[in-house]
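K.L.:
Take a look at this one; I'll ask things after.
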Amino acid sequence: MQHALSDLNLEQRAAVLHGDGPILVLAGAGSGKTRVITHRIARLIDDGASPRELLAVTFTNKAAGEMRERLIQLVGDRAWEMWIGTFHSTCARLLRQHAEHAGLSRDFTIFDDDDQKRVVTQLLKELNVSDRITPRGVLARIDRAKNAGEDLTRLPARDYVDDVARRVYPLYTARLARENAVDFNDLLLKVLRLLELPGLGESLSRRFSHVLVDEFQDTNRVQYRLVRHLARGTSNLCVVGDDDQSIYSWRGAEPRNLLEFDRDFPSARVIKLERNYRSSGHVLAAANAVIAKNPCRHDKALWTDRDAGEPILLEECHDERAEAEFVASAIQGLRAVENRTHGDMAILYRTHAQSRVLEESLRAARIPYRIIGGVSFFQRREVKDITEYLRLIVNPHADTAFERIVNVPTRGIGDTTLDRIRGHAVTGGLSLLEAARSCAAGAASALGPQARRKVESFVELMDSLRATVSSRARVSEILAQVIERTGYAERLEIEDKIDGPERLRNLHELVAAAAACDDEAGPEATPAGFLERVALVASADDKDGRQGDAVTLMTIHAAKGLEFSVVFLAGLEEGVFPALRGDGDLDHELQEERRLAYVAITRARDRLVFSHARTRRTYDEIRRNEPSRFIFDVPKECLAVRARPAARRPDLADRRHERRSMDDVDQTPAFEEPIYILDDEGEDPVFPPGARVRHKIFGIGQVQEGSGRGPDRKLTIQFPGHGKKTIVARFVEKV
DNA sequence: GTCGTCCCGGGTTCC
DNA sequence: CCGGGACGAC
């Protein structure tokens with residue numbers, strides 16, 4: 001076999017070689033699922049499948065790019081013919097081919113969150129609803145219904161927000177239709193509708209000989225239905241996923257798509273990949289122990305034949321600053337003692353808000369780092385402004401774009417003028433740009449001579465820019481002209497002394513991105529094509545990515561699919577991680593947090609460092625935080641704490657009102673002294689006497705006394721109505 | 001039209 | 001605490 005099957009274990013090989021018919025690959029973290037998918041595709045191609053009839057769906061563009069890269073190594077240039085992409089990019093491509101069947105013209109544009117929000121904000125204003133209703137809240141309802149593939153207007157309204165959402169929704173839909181635009185969910189829904197059409201649907205479902213879906217636990221209902229339809233012609237469907245890594249249920253993912261796959265496809269072959277190649281024994285044991293607490297899992301047990309490795313280092317810190325300083329010093333220690341590079345290391349946290357203090361310490365310690373996440377390049381104000389110009393130039397009906405840029409940079413077209421243009425648009429049934437043109441020509445007498453001239457020159461500007469599009473200029477050229485001729489660049493130079501240079505750089509980058517897109521697409525390059533890329537390819541991290549040897553900082557969510565030799569998991573505190581906001585089903589929330597912990601832990605190859613702070617400042621409020629329950633889930637033989645003199649760890653109560661000084665900072669380098677296993681001294685902090693706990697049968701009770709530590713600790717608990725019981729700690733949970 | 005001030009909200013995030 | 005959006009004053 002040409003693709004080194006000998007490198008694969010028996011299960012992996014079985015998945016790769018599985019012939020026709022549905023297959024479900026339950027791949028644990030670090031079990032080599034990417035290898036399985038790529039090898040399977042390579043195998044299909046070698047067996048004669050036409051690459052252009054193969055569809056592989058991933059969840060991020062990054063994953064798609066990596067898959068393509070690996071495939072090129074396996075099958076060479078044939079990989080380019082394959083359909084590899086996200087659900088959204090795949091659907092956008094299909095939708096463009098059949099736009100007329102979906103009531104769109106071929107050059108439709110895609111609304112991102114920002115566009116959606118602006119539309120809804122405006123509609124809320126028009127509807128005059130209470131200002132307690134936020135566009136975000138309304139959009140959440142709209143998106144939730146769309147994710148589930150349900151018609152919002154037919155769902156029962158459970159509260160006032162639902163009620164508003166139901167009124168907004170038809171207007172929102174009409175607005176998008178008028179602008180020849182779709183939102184992200186529409187991309188999927190409209191293709192789903194195409195697939196349900198009698199003739200076209202059938203031919204589309206025969207288009208692909210094989211469909212493969214990665215991260216299947218992340219699919220929502222609509223995506224699941226899409227997959228079923230696309231694979232209907234052949235039932236050659238291969239889905240790969242891990243229910244334990246389902247961390248996106250809050251955005252509509254339904255892990256039961258994975259869990260119940262074999263119910264919908266009874267003939268499916270199920271293959272489990274349980275051997276982990278990534279992590280050390282201790283790391284894997286910790287991950288297994290945490291996730292074992294979740295009920296309703298696909299039964300699987302990850303194992304490794306790697307050594308136990310180093311125990312997980314656990315550090316208790318005074319506050320979040322001390323934690324950040326500890327992390328920085330540990331990074332330096334690991335570099336010195338274990339020859340780790342900065343690039344080997346990642347710091348993971350539950351929320352972005354935690355990154356700032358970490359950044360400060362890293363900067364103070366002169367440790368290079370990069371942060372993944374935050375505002376993406378294409379969402380930045382200046383970039384968005386210019387791309388909205390492009391959208392309006394291409395599509396005169398793009399009212400949302402018109403509203404955004406008509407006075408950016410300011411050109412004397414204020415609210416009054418704009419209101420008159422809007423009014424004229426409504427009465428004449430015109431788009432805003434058409435209405436502006438009409439006003440400039442003197443149609444609406446309401447405009448004063450000054451305003452009229454200003455509107456006129458804006459319309460002329462748009463016309464002349466539009467002429468560059470008709471002359472088939474490159475997209476990068478059009479953008480460059482927009483930046484120049486609208487006076488946008490000039491205004492930045494003059495007025496924004498602080499952020500101006502940075503923003504100008506971003507605009508140059510935008511032009512460069514367009515140029516790259518032009519080169520890639522060749523004569524096919526169109527503004528619509530570029531706008532699609534802007535909407536679908538969030539390449540914010542491309543720019544900052546990989547440059548030099550730097551520590552990576554990111555949220556756990558962003559870390560999924562990645563691995564590092566050393567992983568720091570910071571902020572392991574109740575209320576931080578698990579976060580548990582409690583606005584939904586607490587049980588489900590906790591289970592998802594546990595999966596998140598599982599994902600975080602399994603990112604580590606060799607070394608894992610846990611840290612938590614006893615007090616943490618959030619929103620200018622200092623709070624005491626208990627250590628995360630996840631710490632206590634980890635078997636204690638996997639954990640190590642740094643031995644420190646007791647004097648160094650003063651009780652918080654003694655110094656609550658004292659200012660922090662350098663004395664508080666532990667100056668000991670983290671790795672220049674031996675590490676001791678957690679000792680048995682002191683009270684277990686999780687279930688101290690007096691703690692309130694819940695038992696499945698006896699309900700809520702209070703701990704009277706206890707012996708031992710961790711999950712095996714024996715507790716004497718007083719339950720009202722049941723009396724005193726002796727119960728092992730693992731059977732109760734903290735209230 | 002622009003600037004200052006007040007008020008509110010503040011998870012995770014891809015497309 | 002911090003930023004963004006809304007609103008009032010020039």
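Chain labels run A, B, ... following the order of the structure tokens; each chain numbers its residues from 1, and ligands are numbered from 1 in the order shown.
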Identify every residue of chain A that has at least one atom within 9 Å of any atom of chain C, counting only C-alpha atoms (C1' of nucleotides), and report the result as a PDB file with N, CA, C and O atoms, in the first residue's frame.
P.N.:
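As a result, result_15.pdb now contains:
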```
ATOM      1  N   THR A 618     -12.206  40.741  39.432  1.00  0.00           N
ATOM      2  CA  THR A 618     -12.989  40.799  38.193  1.00  0.00           C
ATOM      3  C   THR A 618     -13.947  41.967  38.299  1.00  0.00           C
ATOM      4  O   THR A 618     -14.621  42.131  39.310  1.00  0.00           O
ATOM      5  N   TYR A 619     -13.987  42.785  37.246  1.00  0.00           N
ATOM      6  CA  TYR A 619     -14.821  43.982  37.244  1.00  0.00           C
ATOM      7  C   TYR A 619     -14.590  44.800  38.494  1.00  0.00           C
ATOM      8  O   TYR A 619     -15.520  45.226  39.161  1.00  0.00           O
ATOM      9  N   ASP A 620     -13.345  44.946  38.830  1.00  0.00           N
ATOM     10  CA  ASP A 620     -12.988  45.750  39.984  1.00  0.00           C
ATOM     11  C   ASP A 620     -13.643  45.269  41.271  1.00  0.00           C
ATOM     12  O   ASP A 620     -14.053  46.053  42.115  1.00  0.00           O
ATOM     13  N   GLU A 621     -13.745  43.985  41.371  1.00  0.00           N
ATOM     14  CA  GLU A 621     -14.325  43.427  42.580  1.00  0.00           C
ATOM     15  C   GLU A 621     -13.446  42.238  42.937  1.00  0.00           C
ATOM     16  O   GLU A 621     -13.194  41.397  42.078  1.00  0.00           O
TER      17      GLU A 621
END
```
K.L.:
How close does each residue of chain B get to chain A, giving the shortest atom pair and distance in Å to one decimal for every residue with an atom at most 12 Å away, counting only C-alpha atoms (C1' of nucleotides), sorted by chain and residue number, as JSON lines?
P.N.:
```
{"residue": "B:DG1", "atom": "C1'", "partner": "A:Gly414", "partner_atom": "CA", "distance": 7.4}
{"residue": "B:DT2", "atom": "C1'", "partner": "A:Thr410", "partner_atom": "CA", "distance": 10.3}
{"residue": "B:DC8", "atom": "C1'", "partner": "A:Arg132", "partner_atom": "CA", "distance": 10.9}
{"residue": "B:DG9", "atom": "C1'", "partner": "A:Tyr619", "partner_atom": "CA", "distance": 10.7}
{"residue": "B:DG10", "atom": "C1'", "partner": "A:Tyr619", "partner_atom": "CA", "distance": 8.2}
{"residue": "B:DG11", "atom": "C1'", "partner": "A:Thr351", "partner_atom": "CA", "distance": 6.6}
{"residue": "B:DT12", "atom": "C1'", "partner": "A:His557", "partner_atom": "CA", "distance": 6.4}
{"residue": "B:DT13", "atom": "C1'", "partner": "A:His557", "partner_atom": "CA", "distance": 7.8}
{"residue": "B:DC14", "atom": "C1'", "partner": "A:Thr60", "partner_atom": "CA", "distance": 6.5}
{"residue": "B:DC15", "atom": "C1'", "partner": "A:Leu536", "partner_atom": "CA", "distance": 5.6}
```
K.L.:
If DSSP is run on the backbone, what residues of region 602-636 of chain A are strand (DSSP E or B)? A reply as a ChimeraX atom specification would be ideal.
P.N.:
/A:604-618,621-624,627
K.L.:
Would you kindly return, as a ChimeraX atom specification, each protein, DNA or RNA residue with an atom no farther than 10 Å from any atom of Glu360 (chain A), considering only C-alpha atoms (C1' of nucleotides) and excluding same-chain residues fewer than 6 positions away?
P.N.:
/A:321,324-325,328,366
K.L.:
In Å, with one decimal, what is the gap from CA of Val551 (chain A) to CA of Val357 (chain A)?
P.N.:
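Rounded to one decimal, the two atoms are 14.8 Å apart.
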K.L.:
List the neighbours of Pro311 (chain A) out to 12 Å using only C-alpha atoms (C1' of nucleotides); skip same-chain residues closer than 5 positions along the sequence, and give me the result as a ChimeraX atom specification.
P.N.:
/A:280-286,606-610,634-642,675-678
K.L.:
For the selection you just gave me, I'd like the residues written to a file as a compact mmCIF listing (two decimals), in the first residue's frame, keeping N, CA and C atoms.
P.N.:
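Heads up, here's the output in selection.txt:
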```txt
# COMPACT_ATOMS: atom_id res chain seq x y z
N SER A 280 1.39 12.16 27.70
CA SER A 280 2.03 11.29 28.67
C SER A 280 0.96 10.59 29.51
N GLY A 281 1.37 9.56 30.23
CA GLY A 281 0.45 8.78 31.05
C GLY A 281 -0.29 9.62 32.07
N HIS A 282 0.44 10.48 32.75
CA HIS A 282 -0.20 11.32 33.77
C HIS A 282 -1.24 12.25 33.15
N VAL A 283 -0.87 12.85 32.05
CA VAL A 283 -1.79 13.78 31.40
C VAL A 283 -3.07 13.05 30.99
N LEU A 284 -2.87 11.89 30.39
CA LEU A 284 -4.03 11.14 29.92
C LEU A 284 -4.90 10.66 31.08
N ALA A 285 -4.22 10.24 32.16
CA ALA A 285 -4.98 9.77 33.33
C ALA A 285 -5.83 10.90 33.89
N ALA A 286 -5.25 12.09 33.92
CA ALA A 286 -6.00 13.24 34.42
C ALA A 286 -7.22 13.51 33.54
N ASP A 606 3.59 16.65 26.99
CA ASP A 606 4.49 16.18 28.05
C ASP A 606 4.20 16.76 29.42
N ARG A 607 3.86 18.02 29.40
CA ARG A 607 3.79 18.68 30.70
C ARG A 607 2.55 19.51 30.80
N LEU A 608 1.94 19.43 31.97
CA LEU A 608 0.73 20.20 32.21
C LEU A 608 0.94 20.95 33.51
N VAL A 609 0.61 22.21 33.53
CA VAL A 609 0.76 23.00 34.74
C VAL A 609 -0.58 23.65 35.07
N PHE A 610 -1.12 23.29 36.22
CA PHE A 610 -2.38 23.87 36.67
C PHE A 610 -2.08 25.03 37.61
N VAL A 634 -8.72 14.97 39.47
CA VAL A 634 -7.47 14.37 38.98
C VAL A 634 -6.88 13.47 40.05
N PRO A 635 -6.53 12.24 39.72
CA PRO A 635 -5.94 11.34 40.71
C PRO A 635 -4.71 11.98 41.34
N LYS A 636 -4.57 11.84 42.64
CA LYS A 636 -3.52 12.64 43.28
C LYS A 636 -2.13 12.17 42.91
N GLU A 637 -2.00 10.92 42.46
CA GLU A 637 -0.66 10.50 42.06
C GLU A 637 -0.19 11.18 40.77
N CYS A 638 -1.13 11.82 40.08
CA CYS A 638 -0.76 12.56 38.86
C CYS A 638 -0.32 13.98 39.18
N LEU A 639 -0.55 14.41 40.41
CA LEU A 639 -0.34 15.82 40.75
C LEU A 639 0.91 16.02 41.59
N ALA A 640 1.51 17.19 41.41
CA ALA A 640 2.61 17.56 42.28
C ALA A 640 2.47 19.03 42.62
N VAL A 641 2.80 19.37 43.87
CA VAL A 641 2.84 20.78 44.20
C VAL A 641 4.27 21.13 44.58
N ARG A 642 4.60 22.37 44.42
CA ARG A 642 5.93 22.84 44.75
C ARG A 642 6.00 23.02 46.26
N ILE A 675 10.36 18.61 43.25
CA ILE A 675 8.92 18.70 43.34
C ILE A 675 8.44 17.58 44.27
N TYR A 676 7.56 17.91 45.15
CA TYR A 676 7.07 16.90 46.08
C TYR A 676 5.62 16.57 45.80
N ILE A 677 5.32 15.33 46.01
CA ILE A 677 3.94 14.91 45.84
C ILE A 677 3.08 15.56 46.93
N LEU A 678 1.90 15.88 46.55
CA LEU A 678 0.93 16.48 47.46
C LEU A 678 0.92 15.73 48.78
```
K.L.:
Just to confirm, what's the straight-line distance from CA of Gln332 (chain A) to CA of Glu315 (chain A) in Å (one decimal)?
P.N.:
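That distance, rounded to one decimal, is 15.7 Å.
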K.L.:
Measure the distance from CA of Asp244 (chain A) to CA of Val599 (chain A) in Å and round it to one decimal.
P.N.:
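One can read the CA of Asp244 (chain A) to CA of Val599 (chain A) distance as 8.0 Å.
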K.L.:
Between A:Ile483, A:Val164, A:Leu553, A:Ala14, single out the one closest to Ile133 (chain A), counting only C-alpha atoms.
P.N.:
A:Val164
K.L.:
Using only C-alpha atoms (C1' of nucleotides), which residues sit within 9 Å of region 23-31 of chain A once same-chain residues fewer than 2 positions away are excluded, as a PyMOL selection string?
P.N.:
chain A and resi 12+15+18+20-21+33-34+236-245+258+261-262+265+267-279+298+300-302+561+563+598-599+602-603
